[in-house]
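S.K.: As input, take work.txt (compact mmCIF, C-alpha atoms):
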```txt
# COMPACT_ATOMS: atom_id res chain seq x y z
CA MET A 1 0.95 23.79 21.64
CA ALA A 2 -1.55 21.22 20.41
CA ARG A 3 -0.57 17.59 20.83
CA PRO A 4 0.73 16.02 17.63
CA ILE A 5 -1.26 13.39 15.76
CA ALA A 6 -0.10 9.79 15.33
CA VAL A 7 -1.59 7.29 12.90
CA VAL A 8 -1.84 3.94 14.72
CA LEU A 9 -2.30 0.67 12.83
CA LEU A 10 -4.96 -1.08 14.87
CA SER A 11 -5.79 -4.64 13.87
CA GLY A 12 -7.82 -5.20 16.99
CA GLY A 13 -5.34 -7.65 18.49
CA MET A 14 -3.50 -7.23 21.79
CA ASP A 15 -0.21 -5.95 20.38
CA SER A 16 -1.83 -3.13 18.43
CA CYS A 17 -4.13 -2.32 21.36
CA VAL A 18 -1.17 -1.88 23.71
CA THR A 19 0.60 0.10 20.99
CA ALA A 20 -2.40 2.45 20.85
CA ALA A 21 -2.28 2.80 24.63
CA ILE A 22 1.41 3.78 24.39
CA ALA A 23 0.73 6.27 21.56
CA ALA A 24 -2.20 7.79 23.48
CA GLN A 25 0.21 9.01 26.16
CA ASP A 26 1.79 11.58 23.83
CA TYR A 27 -0.34 11.83 20.70
CA VAL A 28 -3.85 12.42 19.44
CA LEU A 29 -4.88 9.05 17.98
CA ALA A 30 -5.82 8.54 14.35
CA LEU A 31 -6.71 4.86 14.02
CA LEU A 32 -6.31 2.83 10.84
CA HIS A 33 -7.71 -0.64 10.25
CA ALA A 34 -7.61 -2.92 7.23
CA ASN A 35 -10.16 -5.36 5.93
CA TYR A 36 -8.22 -7.67 3.65
CA GLY A 37 -10.46 -10.69 3.31
CA GLN A 38 -8.99 -12.37 6.38
CA ARG A 39 -11.11 -15.15 7.92
CA THR A 40 -12.01 -13.10 10.99
CA GLU A 41 -12.56 -9.81 9.18
CA GLN A 42 -15.87 -8.89 10.82
CA ARG A 43 -14.71 -9.75 14.34
CA GLU A 44 -11.50 -7.77 13.98
CA LEU A 45 -13.41 -4.77 12.66
CA GLN A 46 -15.68 -4.93 15.69
CA ALA A 47 -12.63 -5.02 17.99
CA PHE A 48 -11.22 -2.00 16.13
CA HIS A 49 -14.34 0.08 16.72
CA ASP A 50 -14.68 -1.11 20.32
CA ILE A 51 -11.13 0.03 21.08
CA ALA A 52 -11.63 3.28 19.16
CA ASP A 53 -14.78 3.93 21.21
CA HIS A 54 -12.82 3.22 24.39
CA TYR A 55 -10.35 5.97 23.46
CA SER A 56 -13.15 8.31 22.27
CA VAL A 57 -11.63 8.59 18.80
CA PRO A 58 -13.97 10.59 16.55
CA THR A 59 -15.21 9.16 13.26
CA GLU A 60 -13.01 11.44 11.15
CA LEU A 61 -9.93 10.00 12.84
CA ARG A 62 -10.87 6.39 12.04
CA LEU A 63 -10.01 4.98 8.63
CA VAL A 64 -11.00 1.50 7.49
CA LEU A 65 -9.13 0.33 4.42
CA ASN A 66 -10.40 -2.07 1.82
CA GLN A 67 -7.34 -4.17 1.03
CA HIS A 68 -9.16 -7.12 -0.48
CA HIS A 69 -6.54 -7.32 -3.20
CA LEU A 70 -4.45 -9.13 -0.57
CA ALA A 71 -7.02 -11.95 -0.54
CA GLU A 72 -7.26 -11.85 -4.33
CA ILE A 73 -3.48 -12.15 -4.59
CA GLY A 74 -3.59 -15.07 -2.18
CA GLY A 75 -0.60 -16.95 -0.88
CA SER A 76 -1.71 -17.03 2.76
CA ALA A 77 -3.81 -19.24 4.98
CA LEU A 78 -5.32 -16.12 6.52
CA THR A 79 -7.08 -15.24 3.29
CA ASP A 80 -7.22 -18.51 1.35
CA PRO A 81 -9.63 -21.15 2.69
CA SER A 82 -7.71 -23.88 0.82
CA ILE A 83 -4.54 -23.35 2.92
CA ALA A 84 -4.63 -24.67 6.50
CA VAL A 85 -4.03 -22.06 9.21
CA LEU A 86 -2.24 -24.56 11.40
CA ALA A 87 0.29 -25.68 8.77
CA THR A 88 3.86 -24.46 8.46
CA ASP A 89 5.18 -24.32 4.94
CA PRO A 90 7.75 -27.15 4.88
CA VAL A 91 9.66 -26.03 1.79
CA SER A 92 10.18 -22.52 3.08
CA THR A 93 12.22 -21.27 6.00
CA GLY A 94 9.74 -22.18 8.70
CA ILE A 95 7.60 -19.11 8.14
CA PRO A 96 3.99 -20.00 8.93
CA ALA A 97 1.29 -20.41 6.29
CA THR A 98 -0.45 -17.42 7.87
CA TYR A 99 2.14 -15.02 6.42
CA VAL A 100 0.34 -12.54 4.12
CA PRO A 101 2.95 -11.46 1.57
CA PHE A 102 4.23 -7.96 2.35
CA ARG A 103 0.94 -7.10 4.06
CA ASN A 104 2.34 -4.58 6.50
CA ALA A 105 3.82 -2.51 3.68
CA ASN A 106 0.34 -2.12 2.21
CA LEU A 107 -0.91 -0.85 5.55
CA LEU A 108 2.10 1.40 6.15
CA ALA A 109 1.77 2.98 2.71
CA ALA A 110 -1.85 3.91 3.41
CA ALA A 111 -0.89 5.09 6.89
CA ALA A 112 1.81 7.33 5.43
CA SER A 113 -0.60 8.83 2.87
CA TRP A 114 -3.03 9.63 5.65
CA ALA A 115 -0.29 10.85 7.97
CA GLU A 116 0.96 13.26 5.33
CA VAL A 117 -2.51 14.78 4.87
CA LEU A 118 -3.12 14.95 8.65
CA GLU A 119 0.37 16.39 9.19
CA ALA A 120 0.93 13.60 11.70
CA GLY A 121 4.41 13.20 13.11
CA ALA A 122 4.40 9.44 13.53
CA ILE A 123 2.98 6.10 12.54
CA PHE A 124 2.72 3.47 15.29
CA ALA A 125 2.71 -0.22 14.38
CA GLY A 126 2.27 -3.06 16.86
CA ALA A 127 4.56 -5.52 15.15
CA VAL A 128 6.31 -8.04 17.39
CA GLU A 129 9.47 -9.65 16.11
CA GLU A 130 9.61 -12.74 18.31
CA ASP A 131 5.99 -13.74 18.61
CA SER A 132 5.25 -13.18 14.94
CA SER A 133 7.10 -16.39 14.13
CA GLY A 134 9.45 -14.83 11.64
CA TYR A 135 7.14 -12.85 9.36
CA PRO A 136 9.68 -10.79 7.41
CA ASP A 137 7.53 -7.63 7.55
CA CYS A 138 7.53 -7.71 11.36
CA ARG A 139 11.23 -7.01 11.79
CA ARG A 140 12.63 -3.62 12.75
CA THR A 141 14.96 -3.67 9.74
CA PHE A 142 11.85 -3.58 7.57
CA TYR A 143 10.33 -0.66 9.48
CA ASP A 144 13.61 1.26 9.26
CA ALA A 145 13.67 0.69 5.51
CA PHE A 146 10.06 1.77 5.16
CA GLU A 147 10.67 4.92 7.21
CA ALA A 148 13.45 5.79 4.78
CA ALA A 149 11.07 5.20 1.86
CA ILE A 150 8.53 7.57 3.43
CA GLU A 151 11.21 10.21 3.87
CA ALA A 152 12.25 9.82 0.22
CA GLY A 153 8.72 9.71 -1.21
CA THR A 154 6.84 12.48 0.59
CA LEU A 155 6.95 16.28 0.49
CA PRO A 156 10.16 17.98 1.70
CA GLU A 157 8.35 19.36 4.76
CA THR A 158 6.92 15.95 5.72
CA HIS A 159 8.82 13.94 8.31
CA ILE A 160 7.09 10.85 9.67
CA ARG A 161 8.67 8.47 12.16
CA VAL A 162 7.64 4.82 12.13
CA ILE A 163 7.49 3.72 15.76
CA THR A 164 7.20 0.06 16.80
CA PRO A 165 7.19 0.27 20.60
CA VAL A 166 6.56 -3.41 21.35
CA ILE A 167 8.63 -4.97 18.57
CA GLY A 168 11.30 -6.37 20.87
CA LEU A 169 8.99 -7.44 23.70
CA ARG A 170 7.70 -10.88 24.62
CA LYS A 171 3.92 -11.36 24.77
CA ALA A 172 3.95 -11.57 28.56
CA VAL A 173 5.69 -8.21 28.83
CA ILE A 174 3.25 -6.67 26.37
CA ILE A 175 0.34 -7.91 28.48
CA GLN A 176 1.93 -6.52 31.63
CA LEU A 177 2.55 -3.17 29.96
CA GLY A 178 -1.01 -3.10 28.62
CA THR A 179 -2.37 -3.79 32.08
CA GLU A 180 -0.31 -0.95 33.58
CA LEU A 181 -1.52 1.44 30.86
CA ARG A 182 -5.12 0.25 31.30
CA ALA A 183 -5.30 -0.83 27.67
CA PRO A 184 -8.73 -2.41 27.02
CA LEU A 185 -7.44 -5.93 26.46
CA HIS A 186 -10.95 -7.28 27.05
CA LEU A 187 -12.01 -5.64 23.78
CA THR A 188 -9.27 -7.22 21.64
CA TRP A 189 -9.51 -10.21 19.30
CA SER A 190 -6.58 -12.48 18.50
CA CYS A 191 -7.88 -15.75 17.00
CA TYR A 192 -7.02 -16.35 13.32
CA LEU A 193 -9.81 -18.90 12.81
CA ASN A 194 -13.00 -18.17 14.72
CA GLN A 195 -15.18 -15.12 15.20
CA ASP A 196 -17.31 -16.27 18.14
CA LEU A 197 -15.05 -18.15 20.56
CA PRO A 198 -11.24 -18.26 20.22
CA CYS A 199 -10.12 -21.61 18.74
CA GLY A 200 -7.31 -21.97 21.28
CA ARG A 201 -5.10 -23.78 18.76
CA CYS A 202 -3.85 -21.29 16.15
CA ASP A 203 -0.48 -19.52 16.56
CA SER A 204 -2.16 -16.36 17.71
CA CYS A 205 -4.34 -18.05 20.38
CA THR A 206 -1.35 -20.07 21.57
CA HIS A 207 0.88 -17.01 21.98
CA ARG A 208 -1.89 -15.16 23.79
CA ALA A 209 -2.60 -17.99 26.24
CA LYS A 210 1.10 -18.50 26.92
CA GLY A 211 1.51 -14.78 27.63
CA PHE A 212 -1.33 -14.58 30.13
CA LYS A 213 -0.16 -17.76 31.83
CA GLU A 214 3.34 -16.33 32.24
CA VAL A 215 2.02 -13.09 33.72
CA GLY A 216 -0.22 -15.09 36.01
CA ILE A 217 -3.48 -13.32 35.23
CA LYS A 218 -6.61 -14.55 33.51
CA ASP A 219 -7.33 -13.49 29.94
CA PRO A 220 -10.31 -11.12 30.28
CA LEU A 221 -11.57 -12.37 26.91
CA ALA A 222 -11.58 -15.97 28.20
CA ASN A 223 -13.52 -14.76 31.24
CA ARG A 224 -16.12 -13.25 28.97
CA SER A 225 -16.42 -16.37 26.83
CA ASN A 226 -16.58 -18.98 29.55
CA MET B 227 13.98 -21.73 -19.17
CA ALA B 228 10.63 -19.97 -18.91
CA ARG B 229 10.67 -16.20 -19.18
CA PRO B 230 10.44 -14.45 -15.81
CA ILE B 231 7.34 -12.53 -14.76
CA ALA B 232 7.29 -8.79 -14.15
CA VAL B 233 4.52 -6.88 -12.43
CA VAL B 234 3.97 -3.64 -14.37
CA LEU B 235 2.09 -0.70 -12.85
CA LEU B 236 -0.17 0.37 -15.72
CA SER B 237 -2.17 3.54 -15.16
CA GLY B 238 -3.22 3.67 -18.79
CA GLY B 239 -1.14 6.76 -19.55
CA MET B 240 1.69 6.99 -22.07
CA ASP B 241 4.57 6.57 -19.65
CA SER B 242 3.26 3.33 -18.18
CA CYS B 243 2.29 2.05 -21.64
CA VAL B 244 5.84 2.54 -22.93
CA THR B 245 7.14 0.99 -19.72
CA ALA B 246 4.98 -2.08 -20.41
CA ALA B 247 6.37 -2.22 -23.94
CA ILE B 248 9.91 -2.20 -22.53
CA ALA B 249 9.08 -4.89 -19.96
CA ALA B 250 7.42 -7.06 -22.61
CA GLN B 251 10.77 -7.46 -24.36
CA ASP B 252 12.16 -9.62 -21.54
CA TYR B 253 9.29 -10.57 -19.22
CA VAL B 254 5.86 -12.14 -19.11
CA LEU B 255 3.57 -9.23 -18.20
CA ALA B 256 1.45 -9.14 -15.05
CA LEU B 257 -0.45 -5.85 -15.18
CA LEU B 258 -1.61 -3.93 -12.13
CA HIS B 259 -3.98 -0.98 -12.15
CA ALA B 260 -5.46 1.11 -9.36
CA ASN B 261 -8.84 2.73 -9.03
CA TYR B 262 -8.42 5.36 -6.36
CA GLY B 263 -11.36 7.67 -6.88
CA GLN B 264 -9.50 9.78 -9.40
CA ARG B 265 -11.67 11.97 -11.64
CA THR B 266 -11.00 9.90 -14.75
CA GLU B 267 -11.19 6.49 -13.06
CA GLN B 268 -13.44 4.80 -15.62
CA ARG B 269 -11.54 6.10 -18.63
CA GLU B 270 -8.17 5.02 -17.18
CA LEU B 271 -9.53 1.56 -16.40
CA GLN B 272 -10.68 1.25 -20.01
CA ALA B 273 -7.23 2.25 -21.24
CA PHE B 274 -5.71 -0.37 -18.90
CA HIS B 275 -7.82 -3.17 -20.33
CA ASP B 276 -7.33 -1.96 -23.91
CA ILE B 277 -3.55 -2.07 -23.48
CA ALA B 278 -3.74 -5.43 -21.66
CA ASP B 279 -5.79 -6.81 -24.57
CA HIS B 280 -3.21 -5.45 -27.01
CA TYR B 281 -0.51 -7.48 -25.23
CA SER B 282 -2.80 -10.54 -24.88
CA VAL B 283 -2.43 -10.55 -21.09
CA PRO B 284 -4.75 -13.21 -19.61
CA THR B 285 -7.28 -12.30 -16.93
CA GLU B 286 -5.34 -13.98 -14.14
CA LEU B 287 -2.38 -11.70 -14.85
CA ARG B 288 -4.46 -8.52 -14.55
CA LEU B 289 -5.11 -7.08 -11.11
CA VAL B 290 -7.29 -4.03 -10.48
CA LEU B 291 -6.87 -2.54 -7.02
CA ASN B 292 -9.47 -0.69 -5.06
CA GLN B 293 -7.50 2.12 -3.43
CA HIS B 294 -10.41 4.40 -2.71
CA HIS B 295 -8.92 5.18 0.69
CA LEU B 296 -6.67 7.58 -1.23
CA ALA B 297 -9.75 9.60 -2.18
CA GLU B 298 -11.12 9.30 1.35
CA ILE B 299 -7.83 10.56 2.76
CA GLY B 300 -7.97 13.44 0.29
CA GLY B 301 -5.34 16.11 -0.11
CA SER B 302 -5.24 16.04 -3.90
CA ALA B 303 -7.03 17.71 -6.77
CA LEU B 304 -7.10 14.36 -8.57
CA THR B 305 -9.47 12.90 -6.00
CA ASP B 306 -11.08 15.93 -4.35
CA PRO B 307 -13.57 17.88 -6.50
CA SER B 308 -13.13 20.93 -4.24
CA ILE B 309 -9.46 21.36 -5.23
CA ALA B 310 -8.79 22.76 -8.70
CA VAL B 311 -6.69 20.53 -10.98
CA LEU B 312 -5.06 23.52 -12.62
CA ALA B 313 -3.88 25.15 -9.38
CA THR B 314 -0.40 24.91 -7.90
CA ASP B 315 -0.26 24.99 -4.13
CA PRO B 316 1.33 28.39 -3.44
CA VAL B 317 2.39 27.70 0.14
CA SER B 318 4.20 24.51 -0.77
CA THR B 319 7.35 24.04 -2.78
CA GLY B 320 5.71 24.32 -6.18
CA ILE B 321 4.37 20.77 -6.18
CA PRO B 322 1.09 20.70 -8.10
CA ALA B 323 -2.31 20.26 -6.47
CA THR B 324 -2.60 16.99 -8.39
CA TYR B 325 -0.06 15.31 -6.08
CA VAL B 326 -1.75 12.35 -4.33
CA PRO B 327 0.12 11.91 -1.05
CA PHE B 328 2.49 8.90 -1.24
CA ARG B 329 0.24 7.28 -3.85
CA ASN B 330 2.95 5.34 -5.62
CA ALA B 331 3.97 3.60 -2.39
CA ASN B 332 0.43 2.23 -2.06
CA LEU B 333 0.67 0.83 -5.58
CA LEU B 334 4.21 -0.51 -5.11
CA ALA B 335 3.25 -2.28 -1.87
CA ALA B 336 0.40 -4.10 -3.61
CA ALA B 337 2.68 -4.82 -6.58
CA ALA B 338 5.28 -6.33 -4.26
CA SER B 339 2.70 -8.53 -2.50
CA TRP B 340 1.54 -9.81 -5.88
CA ALA B 341 5.09 -10.17 -7.18
CA GLU B 342 6.06 -12.26 -4.16
CA VAL B 343 3.15 -14.67 -4.76
CA LEU B 344 3.82 -14.83 -8.52
CA GLU B 345 7.55 -15.27 -7.89
CA ALA B 346 8.11 -12.34 -10.22
CA GLY B 347 11.61 -10.96 -10.49
CA ALA B 348 10.76 -7.33 -11.06
CA ILE B 349 8.25 -4.53 -10.70
CA PHE B 350 8.18 -1.93 -13.50
CA ALA B 351 6.90 1.57 -12.79
CA GLY B 352 6.52 4.29 -15.40
CA ALA B 353 7.42 7.21 -13.18
CA VAL B 354 9.05 10.20 -14.88
CA GLU B 355 11.09 12.54 -12.75
CA GLU B 356 11.11 15.65 -14.94
CA ASP B 357 7.63 15.67 -16.40
CA SER B 358 5.94 14.76 -13.15
CA SER B 359 6.53 18.29 -11.92
CA GLY B 360 8.31 17.29 -8.75
CA TYR B 361 6.01 14.69 -7.18
CA PRO B 362 8.27 13.29 -4.46
CA ASP B 363 7.20 9.69 -5.13
CA CYS B 364 8.34 9.92 -8.75
CA ARG B 365 12.05 10.25 -7.98
CA ARG B 366 14.54 7.41 -8.32
CA THR B 367 15.72 7.96 -4.73
CA PHE B 368 12.22 6.95 -3.62
CA TYR B 369 12.21 3.81 -5.79
CA ASP B 370 15.63 2.82 -4.48
CA ALA B 371 14.37 3.22 -0.91
CA PHE B 372 11.25 1.22 -1.66
CA GLU B 373 13.28 -1.56 -3.29
CA ALA B 374 15.30 -1.78 -0.07
CA ALA B 375 12.05 -1.97 1.94
CA ILE B 376 10.85 -4.85 -0.25
CA GLU B 377 14.14 -6.66 0.29
CA ALA B 378 13.84 -6.18 4.05
CA GLY B 379 10.15 -7.06 4.31
CA THR B 380 9.74 -10.16 2.12
CA LEU B 381 10.83 -13.78 2.42
CA PRO B 382 14.57 -14.52 2.34
CA GLU B 383 14.24 -16.21 -1.06
CA THR B 384 12.32 -13.25 -2.55
CA HIS B 385 14.33 -10.70 -4.53
CA ILE B 386 12.37 -8.13 -6.49
CA ARG B 387 13.96 -5.31 -8.46
CA VAL B 388 12.04 -2.08 -8.91
CA ILE B 389 12.74 -0.89 -12.45
CA THR B 390 11.84 2.60 -13.67
CA PRO B 391 13.05 2.56 -17.27
CA VAL B 392 11.73 5.97 -18.34
CA ILE B 393 12.33 7.91 -15.13
CA GLY B 394 15.12 10.04 -16.56
CA LEU B 395 13.60 10.61 -20.01
CA ARG B 396 11.81 13.60 -21.45
CA LYS B 397 8.28 13.07 -22.78
CA ALA B 398 9.44 13.43 -26.39
CA VAL B 399 12.02 10.70 -25.95
CA ILE B 400 9.42 8.44 -24.30
CA ILE B 401 7.10 8.94 -27.26
CA GLN B 402 9.90 8.17 -29.71
CA LEU B 403 10.85 5.05 -27.76
CA GLY B 404 7.21 3.96 -27.60
CA THR B 405 6.86 4.40 -31.34
CA GLU B 406 9.96 2.29 -31.99
CA LEU B 407 8.64 -0.46 -29.68
CA ARG B 408 5.18 -0.25 -31.28
CA ALA B 409 3.60 0.59 -27.94
CA PRO B 410 -0.16 1.16 -28.45
CA LEU B 411 -0.09 4.89 -27.69
CA HIS B 412 -3.47 5.27 -29.43
CA LEU B 413 -5.01 3.27 -26.56
CA THR B 414 -3.60 5.43 -23.74
CA TRP B 415 -5.35 8.15 -21.73
CA SER B 416 -3.54 11.09 -20.14
CA CYS B 417 -6.07 13.79 -19.28
CA TYR B 418 -6.59 14.44 -15.55
CA LEU B 419 -9.97 16.13 -16.06
CA ASN B 420 -12.10 14.66 -18.83
CA GLN B 421 -13.09 11.17 -19.84
CA ASP B 422 -14.43 11.83 -23.37
CA LEU B 423 -12.12 14.35 -25.03
CA PRO B 424 -8.79 15.45 -23.50
CA CYS B 425 -9.11 18.91 -21.92
CA GLY B 426 -5.86 20.11 -23.45
CA ARG B 427 -5.14 22.33 -20.45
CA CYS B 428 -4.13 20.17 -17.48
CA ASP B 429 -0.47 19.39 -16.73
CA SER B 430 -0.78 15.95 -18.22
CA CYS B 431 -2.39 17.09 -21.49
CA THR B 432 0.16 19.90 -21.78
CA HIS B 433 3.14 17.57 -21.33
CA ARG B 434 1.68 15.13 -23.84
CA ALA B 435 1.04 17.77 -26.51
CA LYS B 436 4.50 19.27 -26.05
CA GLY B 437 6.07 15.83 -26.41
CA PHE B 438 4.31 14.97 -29.65
CA LYS B 439 5.06 18.43 -31.05
CA GLU B 440 8.77 18.01 -30.30
CA VAL B 441 8.90 14.59 -31.97
CA GLY B 442 7.03 16.00 -34.92
CA ILE B 443 4.29 13.41 -35.13
CA LYS B 444 0.57 13.66 -34.53
CA ASP B 445 -0.91 12.32 -31.30
CA PRO B 446 -2.89 9.25 -32.45
CA LEU B 447 -5.42 10.00 -29.73
CA ALA B 448 -5.98 13.50 -31.11
CA ASN B 449 -6.48 11.95 -34.54
CA ARG B 450 -9.17 9.71 -33.14
CA SER B 451 -10.92 12.54 -31.33
CA ASN B 452 -10.94 15.17 -34.07
```
As structure tokens, how would this structure be written, given the file I've shared?
M.R.:
Amino acid sequence: MARPIAVVLLSGGMDSCVTAAIAAQDYVLALLHANYGQRTEQRELQAFHDIADHYSVPTELRLVLNQHHLAEIGGSALTDPSIAVLATDPVSTGIPATYVPFRNANLLAAAASWAEVLEAGAIFAGAVEEDSSGYPDCRRTFYDAFEAAIEAGTLPETHIRVITPVIGLRKAVIIQLGTELRAPLHLTWSCYLNQDLPCGRCDSCTHRAKGFKEVGIKDPLANRSN
Amino acid sequence: MARPIAVVLLSGGMDSCVTAAIAAQDYVLALLHANYGQRTEQRELQAFHDIADHYSVPTELRLVLNQHHLAEIGGSALTDPSIAVLATDPVSTGIPATYVPFRNANLLAAAASWAEVLEAGAIFAGAVEEDSSGYPDCRRTFYDAFEAAIEAGTLPETHIRVITPVIGLRKAVIIQLGTELRAPLHLTWSCYLNQDLPCGRCDSCTHRAKGFKEVGIKDPLANRSN
């Protein structure tokens, strides 16, 4: 029997790269990436294709979404140059200014449309509950609810699981897992601010550095840059 | 107290036009439209702006999405010229070839992102269960599930209802309701195939003609065309 297909949301960061490595053990990969007017759009797209090349994913199983309406809608430091990336919204519940409202639902909806056409059995998302600093669309309760929406809104014969294999893991554990699975962490990009050298100060850089430090290995990306 | 905002999905067809008319009774309208590579994309966009003009909706409360990934993904006669609009998929469960896989979830996700930024209290969608010939993403069970996903995946202070005011109505009743609310039905576009004159043969034209016949009034669009 042919291996089933899984649609994997691949931002180009470490979490989604390790998620792809996990999915690759049991599924044929169909990789989905979104350009949504984020500051590091070009660099993330490059990471996406580098990782896709690493896994020899053919062109017809790569899908790059234009989700620039998320930048047009605004409300996030990731897409609005007038909001500081390093700020935390003081009036809210401590959720960082980098939260893009309901972004992951936009990606999951597209993933589900594609999965239904490909007759894929699963969607993999690399969301991480703890390290994502409380983004509401990074919690498993959200993914459970979205899985139910997919079940309700697709054809009777369509059944798509939404799998978030690293959602409960700490960054250090994700790095360790990625290393064991030979995930190409050297091809990933995490920084929210820069496209040439990681800034080292944003939430995403900080979590990444802390993770590598805890594992006790050098970040292969830092090796490349220095 | 200022009137609350509602994001209304406005395709430019009759159902969404009447839905906008219903929403306009209690809410400030924020109108959302999607270009997704459908055959009649330009004509539907014109209908969207005509209806938005009718309700004096300012530019900043109109959002046109690029959802061309739905055409790229394929799987529907609405976006794939090689699939006939008038065919019904014989191997499936009688769902027409015009079904665009999980399309409405893509639109609802964008609507929810926008609604969260606008602090809107509701999203209105003009889905119709009976006339939509069994599209799975036109059933109230799907909208309930999606509303739960929005609740789970947005900020704690965000609460957005998904309202489908015409979902249980027959086309004739929708037309009657639209007439009572002075909805600009003469500005709508329903045909799946043509952009100049309605084809009169596709599912959407057939449902529209049947509805007007049952109400016993002339389609104002037919008056304009003939």
S.K.: Could you give me, as a PyMOL selection string, the residues that have an atom at most 12 Å away from the point (2.4, -3.5, -22.4) in the coordinates of the file, using only C-alpha atoms?
M.R.: chain B and resi 232-258+273-283+288+350-352+404+407-411+413-414
S.K.: Residues of chain B within 7 Å of chain A, counting all atoms listed in the file - could you list those as a list in words?
M.R.: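 Every residue of chain B that passes the 7 Å test is in Leu291, His295, Ile299, Gly301, Pro327, Phe328, Arg329, Ala331, Asn332, Ala335, Ala336, Ala338, Ser339, Trp340, Glu342, Val343, Pro362, Asp363, Thr367, Phe368, Ala371, Phe372, Ala374, Ala375, Ala378, Gly379, Thr380 and Leu381 of chain B.
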S.K.: By how many Å are CA of Ala346 (chain B) and CA of Arg39 (chain A) apart?
M.R.: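 Rounded to one decimal, the two atoms are 26.6 Å apart.
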S.K.: State, in Å with one decimal place, the distance from CA of Leu447 (chain B) to CA of Arg427 (chain B).
M.R.: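 So the answer is 15.4 Å.
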S.K.: I want to know what sits within 10 Å of Glu41 (chain A), based on only C-alpha atoms, with residues of the same chain fewer than 2 positions away left out; could you give that as a list in words?
M.R.: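 Surrounding residues, per the criterion: Ser11, Ala34, Asn35, Tyr36, Gly37, Gln38, Arg39, Arg43, Glu44, Leu45, Gln46, Leu78, Thr79, Tyr192 and Gln195 of chain A.
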S.K.: As an exercise, work out the distance from CA of Pro58 (chain A) to CA of Thr158 (chain A) in Å and give it to one decimal place.
M.R.: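 That distance, rounded to one decimal, is 24.1 Å.
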S.K.: Quick one: residues within 10 Å of Ala77 (chain A), all atoms listed in the file counted, chain neighbours fewer than 3 positions away excluded, as JSON, numbers by chain?
M.R.: {"A": [38, 39, 71, 74, 80, 81, 82, 83, 84, 85, 86, 87, 88, 96, 97, 98, 99, 100, 192, 193]}
S.K.: Set the distance at 9 Å and use all atoms listed in the file: which residues neighbour Arg170 (chain A) once local chain neighbours fewer than 5 positions away are removed? I'd like the list as a ChimeraX atom specification.
M.R.: /A:128-131,175,211
